[in-house]
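K.L.:
Pasting a structure here, questions to come.
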2 protein chains.
Amino acid sequence: MPSSTVENYLKRIYLEEQADPGAAVVSMKNLAGAMGVTPGTATSMAKSLADSRFVAYEPYGGVKLTARGRTLALRILRRHRLIECFLVEALGLDWSEVHDEAESLEHAISDKLLDRIDEFLGFPSVDPHGDPIPTAAGEVRQTLLTALTDVEEGADVRIARILDQDEKFLRFVDRHRLRPGTRGRVLAHDHAAEAVTIQSGKLPAVTMGRTAAAKIMVEIVKG
Amino acid sequence: MPSSTVENYLKRIYLEEQADPGAAVVSMKNLAGAMGVTPGTATSMAKSLADSRFVAYEPYGGVKLTARGRTLALRILRRHRLIECFLVEALGLDWSEVHDEAESLEHAISDKLLDRIDEFLGFPSVDPHGDPIPTAAGEVRQTLLTALTDVEEGADVRIARILDQDEKFLRFVDRHRLRPGTRGRVLAHDHAAEAVTIQSGKLPAVTMGRTAAAKIMVEIVKG
DNA sequence: ATCCTTTTTTTGACTAATCAAAATCGCGTC
DNA sequence: GACGCGATTTTGATTAGTCAAAAAAAGGAT
Ligand SMILES: [Mn+2]
Ligand SMILES: [Mn+2]
Ligand SMILES: [Mn+2]
Ligand SMILES: [Mn+2]
């Protein structure tokens with residue numbers, strides 16, 4: 001069985017591939033950065049992942065998950081996201097604090113326990129951040145979402161997914177009632193100021209920068 | 001922070017000390033046996049635990065937990081047992097299968113999550129096997145129990161604790177309704193056959209060997 | 001074509017945890 | 001007091017994961 005280190009690398013490579021679908025491979029620089037290790041460490045891990053056939057490794061190029069590697073990455077991601085759901089649903093932890101906990105639990109629970117959790121939760125399809133939960137078969141149902149930056153002024157939206165697990169950002173989102181599932185309206189885009197103004201519930205509207213808004217994915221609500 | 005390997009060794013040393021309170025120290029042979037490693041590995045770990053002041057190590061003698069080591073061992077034991085409770089209570093896992101799961105989860109959960117679990121469970125004092133749960137302060141409330149082998153014929157008892165986490169044994173206990181909390185009556189001791197006969201509920205009486213009976217701890221019920 | 005900067009790889013070292021097998025110790029028996 | 005056996009320690013090796021720093025490669029700019 002792969003170590004939790006290997007599991008973490010594979011999950012990270014998967015997420016890097018998702019984050020930049022244009023790039024053919026994940027560079028050692030990006031991998032090292034994402035994993036918080038030195039580039040040399042990333043290189044030697046890349047070789048070892050390639051030896052185990054989890055990635056294709058091109059020297060001076062980068063790594064790319066094989067089918068085998070993707071399967072394992074999705075297995076871990078599934079665990080991660082189901083655990084996040086469980087911690088929120090069963091124990092009432094705040095969605096802003098479940099990520100770190102899931103980061104270690106994802107390696108520790110058995111398949112049997114995971115199935116129980118899945119059943120307990122009623123087989124959810126997204127986690128508390130709106131991230132899709134891969135199926136046991138290793139499929140990810142991708143929904144078409146729009147970044148808040150790309151929504152027309154005046155449009156009604158349903159917040160669907162937050163692309164940043166940082167506690168501070170999640171608490172900001174929370175404060176302004178912008179959790180996945182809530183409704184809102186985009187009031188204005190200020191292109192010069194690179195800012196978006198959105199309003200949710202009875203709360204006063206909030207204006208945030210482009211980069212923040214880009215991390216909030218929504219569905220456009222037909223009115 | 002100590003590694004999970006160190007945590008496992010300390011917990012094991014604690015349990016070995018409990019299992020043989022007469023012995024002043026835990027020998028390398030016993031430690032190696034209990035941990036499933038070679039004697040040389042036990043020796044080198046003993047030295048390293050002594051360097052961290054978790055144990056006192058006497059060459060050619062054995063190891064003995066320091067106050068510091070005992071505190072850590074009890075911390076892990078507390079986690080282990082609360083997790084066992086949680087898996088049974090919240091997810092309906094069978095008590096015969098929670099031990100292995102807890103063995104890895106005990107190293108993975110945060111203090112905060114542990115507190116939530118404790119609260120969720122209503123601050124239990126024993127786990128599903130009847131093992132006492134150490135307090136957060138590191139105290140173990142010891143109750144006076146009698147081994148089934150030491151109970152007089154005809155006495156009514158309340159099963160209180162099972163001193164073996166083996167799945168097969170636990171399922172045997174289960175089949176004969178001898179879980180912690182249930183009532184029973186000791187019908188006979190057969191000293192020649194080294195056997196004890198006990199009866200619980202409406203079930204037919206069951207006769208078991210001394211060694212099995214010695215692992216079932218009970219309270220005598222005054223009639 | 002040469003230089004310069006960034007990225008990547010290599011090298012050498014280190015820690016934690018383990019094993020196999022050899023050396024040594026402790027201790028009860030003769 | 002010497003012997004022998006079981007327990008213990010030592011030695012040498014291995015694997016996983018890491019870093020620092022040196023070396024090498026890529027690739028754009030001049
Ligand atoms: Mn992880
Ligand atoms: Mn998530
Ligand atoms: Mn453990
Ligand atoms: Mn238990």
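Starting from 1 in every chain, residues are counted up; chains themselves are A, B, ... following the order of the structure tokens, and ligands are numbered from 1 as listed.
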Can you pull out the residues contacting DT8 (chain D)? Cut-off 8 Å, using only C-alpha atoms (C1' of nucleotides), and skip same-chain residues under 4 positions away; I want them as a list in words.

P.N.:
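Those residues are Met28, Pro39, Gly40, Thr43 and Tyr60 of chain B; DC25 of chain C.
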
K.L.:
What residues have any atom no more than 12 Å from ligand 2 when counting only C-alpha atoms (C1' of nucleotides) and all ligand atoms, and can you list them as a PyMOL selection string?

P.N.:
chain A and resi 15+77-88+94-103+106+125-134+161-167+170+180

K.L.:
For DG26 (chain C), list every protein, DNA or RNA residue within 12 Å, evaluated using only C-alpha atoms (C1' of nucleotides), and leave out those in the same chain fewer than 4 positions away; present the list as a list in words.

P.N.:
Pro59, Tyr60 and Gly61 of chain B; DG4, DC5, DG6, DA7 and DT8 of chain D

K.L.:
Taking all heavy atoms for each residue, export the selection above as a short mmCIF file (atom, residue, chain, number, x, y, z; two decimals), in the first residue's frame.

P.N.:
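As written to disk, out05.cif reads:
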```
data_model
loop_
_atom_site.label_atom_id
_atom_site.label_comp_id
_atom_site.auth_asym_id
_atom_site.auth_seq_id
_atom_site.Cartn_x
_atom_site.Cartn_y
_atom_site.Cartn_z
N PRO B 59 19.93 -0.91 30.77
CA PRO B 59 20.47 -1.94 29.88
C PRO B 59 20.46 -3.31 30.54
O PRO B 59 20.76 -3.43 31.73
CB PRO B 59 21.90 -1.47 29.62
CG PRO B 59 21.84 0.02 29.79
CD PRO B 59 20.85 0.24 30.89
N TYR B 60 20.09 -4.29 29.80
CA TYR B 60 19.94 -5.67 30.27
C TYR B 60 18.82 -5.81 31.30
O TYR B 60 18.64 -6.88 31.87
CB TYR B 60 21.26 -6.23 30.82
CG TYR B 60 22.31 -6.33 29.75
CD1 TYR B 60 23.32 -5.37 29.64
CD2 TYR B 60 22.27 -7.34 28.81
CE1 TYR B 60 24.26 -5.44 28.64
CE2 TYR B 60 23.20 -7.42 27.79
CZ TYR B 60 24.20 -6.46 27.70
OH TYR B 60 25.12 -6.52 26.69
N GLY B 61 18.11 -4.72 31.56
CA GLY B 61 16.98 -4.79 32.47
C GLY B 61 15.69 -4.66 31.68
O GLY B 61 15.10 -5.65 31.28
P DG D 4 29.64 -26.14 27.42
OP1 DG D 4 29.52 -27.55 26.92
OP2 DG D 4 30.50 -25.16 26.71
"O5'" DG D 4 28.17 -25.57 27.54
"C5'" DG D 4 27.23 -26.21 28.40
"C4'" DG D 4 25.92 -25.48 28.34
"O4'" DG D 4 25.99 -24.24 29.10
"C3'" DG D 4 25.50 -25.06 26.92
"O3'" DG D 4 24.09 -25.19 26.85
"C2'" DG D 4 25.94 -23.59 26.84
"C1'" DG D 4 25.66 -23.14 28.27
N9 DG D 4 26.46 -22.01 28.75
C8 DG D 4 27.74 -21.66 28.37
N7 DG D 4 28.19 -20.60 28.99
C5 DG D 4 27.15 -20.23 29.83
C6 DG D 4 27.04 -19.16 30.74
O6 DG D 4 27.89 -18.30 31.03
N1 DG D 4 25.81 -19.16 31.39
C2 DG D 4 24.80 -20.07 31.16
N2 DG D 4 23.68 -19.90 31.87
N3 DG D 4 24.88 -21.07 30.31
C4 DG D 4 26.08 -21.09 29.68
P DC D 5 23.40 -25.31 25.44
OP1 DC D 5 23.06 -26.73 25.21
OP2 DC D 5 24.18 -24.54 24.44
"O5'" DC D 5 22.05 -24.53 25.74
"C5'" DC D 5 21.47 -24.53 27.05
"C4'" DC D 5 20.69 -23.24 27.24
"O4'" DC D 5 21.56 -22.20 27.75
"C3'" DC D 5 20.10 -22.70 25.94
"O3'" DC D 5 18.76 -22.31 26.19
"C2'" DC D 5 21.00 -21.53 25.58
"C1'" DC D 5 21.42 -21.04 26.97
N1 DC D 5 22.71 -20.30 27.00
C2 DC D 5 22.90 -19.29 27.96
O2 DC D 5 21.99 -19.05 28.75
N3 DC D 5 24.09 -18.63 27.99
C4 DC D 5 25.04 -18.92 27.14
N4 DC D 5 26.19 -18.25 27.20
C5 DC D 5 24.87 -19.95 26.13
C6 DC D 5 23.70 -20.59 26.10
P DG D 6 17.75 -22.00 25.01
OP1 DG D 6 16.75 -23.08 24.95
OP2 DG D 6 18.54 -21.60 23.82
"O5'" DG D 6 17.03 -20.68 25.57
"C5'" DG D 6 16.81 -20.53 26.96
"C4'" DG D 6 16.87 -19.05 27.30
"O4'" DG D 6 18.24 -18.61 27.28
"C3'" DG D 6 16.11 -18.17 26.30
"O3'" DG D 6 15.41 -17.20 27.05
"C2'" DG D 6 17.23 -17.56 25.45
"C1'" DG D 6 18.36 -17.46 26.46
N9 DG D 6 19.70 -17.45 25.88
C8 DG D 6 20.20 -18.24 24.87
N7 DG D 6 21.46 -18.01 24.61
C5 DG D 6 21.81 -17.00 25.49
C6 DG D 6 23.04 -16.34 25.66
O6 DG D 6 24.11 -16.50 25.08
N1 DG D 6 22.97 -15.38 26.67
C2 DG D 6 21.84 -15.10 27.41
N2 DG D 6 21.95 -14.13 28.33
N3 DG D 6 20.68 -15.71 27.25
C4 DG D 6 20.74 -16.65 26.28
P DA D 7 14.44 -16.13 26.35
OP1 DA D 7 13.16 -16.10 27.10
OP2 DA D 7 14.46 -16.34 24.89
"O5'" DA D 7 15.20 -14.75 26.64
"C5'" DA D 7 15.60 -14.46 27.97
"C4'" DA D 7 16.43 -13.20 27.96
"O4'" DA D 7 17.73 -13.47 27.39
"C3'" DA D 7 15.83 -12.05 27.16
"O3'" DA D 7 15.92 -10.89 27.97
"C2'" DA D 7 16.71 -11.98 25.90
"C1'" DA D 7 18.05 -12.51 26.40
N9 DA D 7 18.86 -13.20 25.41
C8 DA D 7 18.47 -14.20 24.55
N7 DA D 7 19.42 -14.66 23.77
C5 DA D 7 20.53 -13.91 24.14
C6 DA D 7 21.87 -13.91 23.71
N6 DA D 7 22.33 -14.73 22.75
N1 DA D 7 22.73 -13.05 24.28
C2 DA D 7 22.27 -12.23 25.24
N3 DA D 7 21.03 -12.13 25.76
C4 DA D 7 20.20 -13.01 25.16
P DT D 8 15.50 -9.45 27.50
OP1 DT D 8 15.15 -8.64 28.70
OP2 DT D 8 14.53 -9.58 26.39
"O5'" DT D 8 16.86 -8.88 26.92
"C5'" DT D 8 17.96 -8.74 27.79
"C4'" DT D 8 19.12 -8.16 27.02
"O4'" DT D 8 19.60 -9.14 26.07
"C3'" DT D 8 18.77 -6.92 26.21
"O3'" DT D 8 19.48 -5.85 26.79
"C2'" DT D 8 19.21 -7.25 24.78
"C1'" DT D 8 20.14 -8.45 24.97
N1 DT D 8 20.21 -9.44 23.85
C2 DT D 8 21.41 -9.69 23.26
O2 DT D 8 22.44 -9.12 23.58
N3 DT D 8 21.40 -10.63 22.26
C4 DT D 8 20.30 -11.33 21.81
O4 DT D 8 20.41 -12.16 20.91
C5 DT D 8 19.05 -11.03 22.47
C7 DT D 8 17.79 -11.74 22.05
C6 DT D 8 19.06 -10.10 23.45
#
```

K.L.:
What's the 8 Å shell around region 9-21 of chain D, counting only C-alpha atoms (C1' of nucleotides), without same-chain residues fewer than 3 positions away, as a PyMOL selection string?

P.N.:
(chain A and resi 38+41) or (chain B and resi 40+43) or (chain C and resi 22-24)

K.L.:
How would the residues just chosen look if you wrote them out with C-alpha atoms (C1' of nucleotides) as a PDB file, in the first residue's frame?

P.N.:
```pdb
ATOM      1  CA  THR A  38      12.589  21.613  -2.035  1.00  0.00           C
ATOM      2  CA  THR A  41      12.867  16.396  -3.196  1.00  0.00           C
TER       3      THR A  41
ATOM      4  CA  GLY B  40      17.284  -5.317  18.383  1.00  0.00           C
ATOM      5  CA  THR B  43      16.514  -2.060  22.193  1.00  0.00           C
TER       6      THR B  43
ATOM      7  C1'  DA C  22      27.011 -11.680  15.045  1.00  0.00           C
ATOM      8  C1'  DA C  23      28.766 -10.584  19.565  1.00  0.00           C
ATOM      9  C1'  DT C  24      28.057 -10.200  24.282  1.00  0.00           C
TER      10       DT C  24
END
```

K.L.:
Which residue out of B:Ser200, B:Ser44, B:Ser110, B:Asn30 has the minimum interatomic distance to DT18 (chain C) when only C-alpha atoms (C1' of nucleotides) are used?

P.N.:
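Nearest candidate to DT18 (chain C) out of B:Ser200, B:Ser44, B:Ser110, B:Asn30: B:Ser44.
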
K.L.:
Sorted by chain and rising residue number, which residues of chain C lie within 10 Å of chain A, and what are their closest atom pairs and distances in Å to one decimal, counting only C-alpha atoms (C1' of nucleotides), as CSV?

P.N.:
```
residue,atom,partner,partner_atom,distance
C:DT7,C1',A:Lys29,CA,7.3
C:DT8,C1',A:Tyr60,CA,5.9
C:DT9,C1',A:Gly40,CA,7.1
C:DT10,C1',A:Gly40,CA,8.5
```

K.L.:
Taking into account only C-alpha atoms, which residue in the set A:Thr207, A:Ser4, A:Ser52, A:Thr71 is nearest to chain B?

P.N.:
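That would be A:Ser4, the residue with the smallest distance to chain B.
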
K.L.:
With distances taken over only C-alpha atoms (C1' of nucleotides), which residue among A:Met45, A:Ser104, A:Ala24, A:Leu10 lies nearest chain D?

P.N.:
A:Met45

K.L.:
Write out as a list of chain:residue names every residue belonging to chain A that has an atom at most 9 Å from any atom of chain B, counting only C-alpha atoms.

P.N.:
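Written out as asked, the residues are A:Leu87, A:Ala90, A:Leu91, A:Gly92, A:Leu93, A:Glu101, A:Ala102, A:Ser104, A:Leu105, A:His107, A:Ala108, A:Ile109, A:Ser110, A:Leu113, A:Arg116, A:Ile117, A:Phe120.
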
K.L.:
To test your reading of the structure, identify every residue in region 21-155 of chain A that backbone DSSP assigns to strand (DSSP E), and report it as an MDAnalysis selection string.

P.N.:
chainID A and resid 55:58 62:65 146:147

K.L.:
Limited to C-alpha atoms, could you put the picked residues into a file as a PDB file, in the first residue's frame?

P.N.:
```pdb
ATOM      1  CA  VAL A  55       2.950   9.153 -13.032  1.00  0.00           C
ATOM      2  CA  ALA A  56       4.730   9.609 -16.306  1.00  0.00           C
ATOM      3  CA  TYR A  57       7.871  11.589 -15.594  1.00  0.00           C
ATOM      4  CA  GLU A  58       9.710  13.468 -18.280  1.00  0.00           C
ATOM      5  CA  GLY A  62       7.378  17.368 -15.407  1.00  0.00           C
ATOM      6  CA  VAL A  63       4.922  14.753 -14.192  1.00  0.00           C
ATOM      7  CA  LYS A  64       1.505  13.699 -15.371  1.00  0.00           C
ATOM      8  CA  LEU A  65      -0.748  11.193 -13.636  1.00  0.00           C
ATOM      9  CA  THR A 146     -19.221  30.345 -13.539  1.00  0.00           C
ATOM     10  CA  ALA A 147     -16.681  32.361 -11.595  1.00  0.00           C
TER      11      ALA A 147
END
```

K.L.:
At what distance in Å, to one decimal, does CA of Gly181 (chain A) lie from CA of Gly22 (chain A)?

P.N.:
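The value is 29.3 Å.
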
K.L.:
CA of Ala212 (chain B) and CA of Glu16 (chain B) are how many Å apart?

P.N.:
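Distance reported for this atom pair: 19.0 Å.
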
K.L.:
Could you pull out all residues of region 87-155 of chain B with a DSSP call of helix (DSSP H, G or I) and give them as a PyMOL selection string?

P.N.:
chain B and resi 87-91+98-105+111-121+148-150

K.L.:
Within 12 Å of DC3 (chain C), counting only C-alpha atoms (C1' of nucleotides), which residues qualify if same-chain residues fewer than 4 places away don't, as a PDB file with C-alpha atoms (C1' of nucleotides), in the first residue's frame?

P.N.:
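After the write, around39.pdb holds the following:
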```pdb
ATOM      1  C1'  DG D  27      15.622  28.683 -23.045  1.00  0.00           C
ATOM      2  C1'  DG D  28      15.032  33.605 -23.786  1.00  0.00           C
ATOM      3  C1'  DA D  29      17.619  38.039 -24.544  1.00  0.00           C
ATOM      4  C1'  DT D  30      21.247  40.319 -26.564  1.00  0.00           C
TER       5       DT D  30
END
```

K.L.:
Could you check which of B:Ile76, B:Thr66, B:Phe54, B:Lys168 is closest to ligand 3, using only C-alpha atoms and all ligand atoms?

P.N.:
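Looking at the shortest contact to ligand 3, the residue is B:Ile76.
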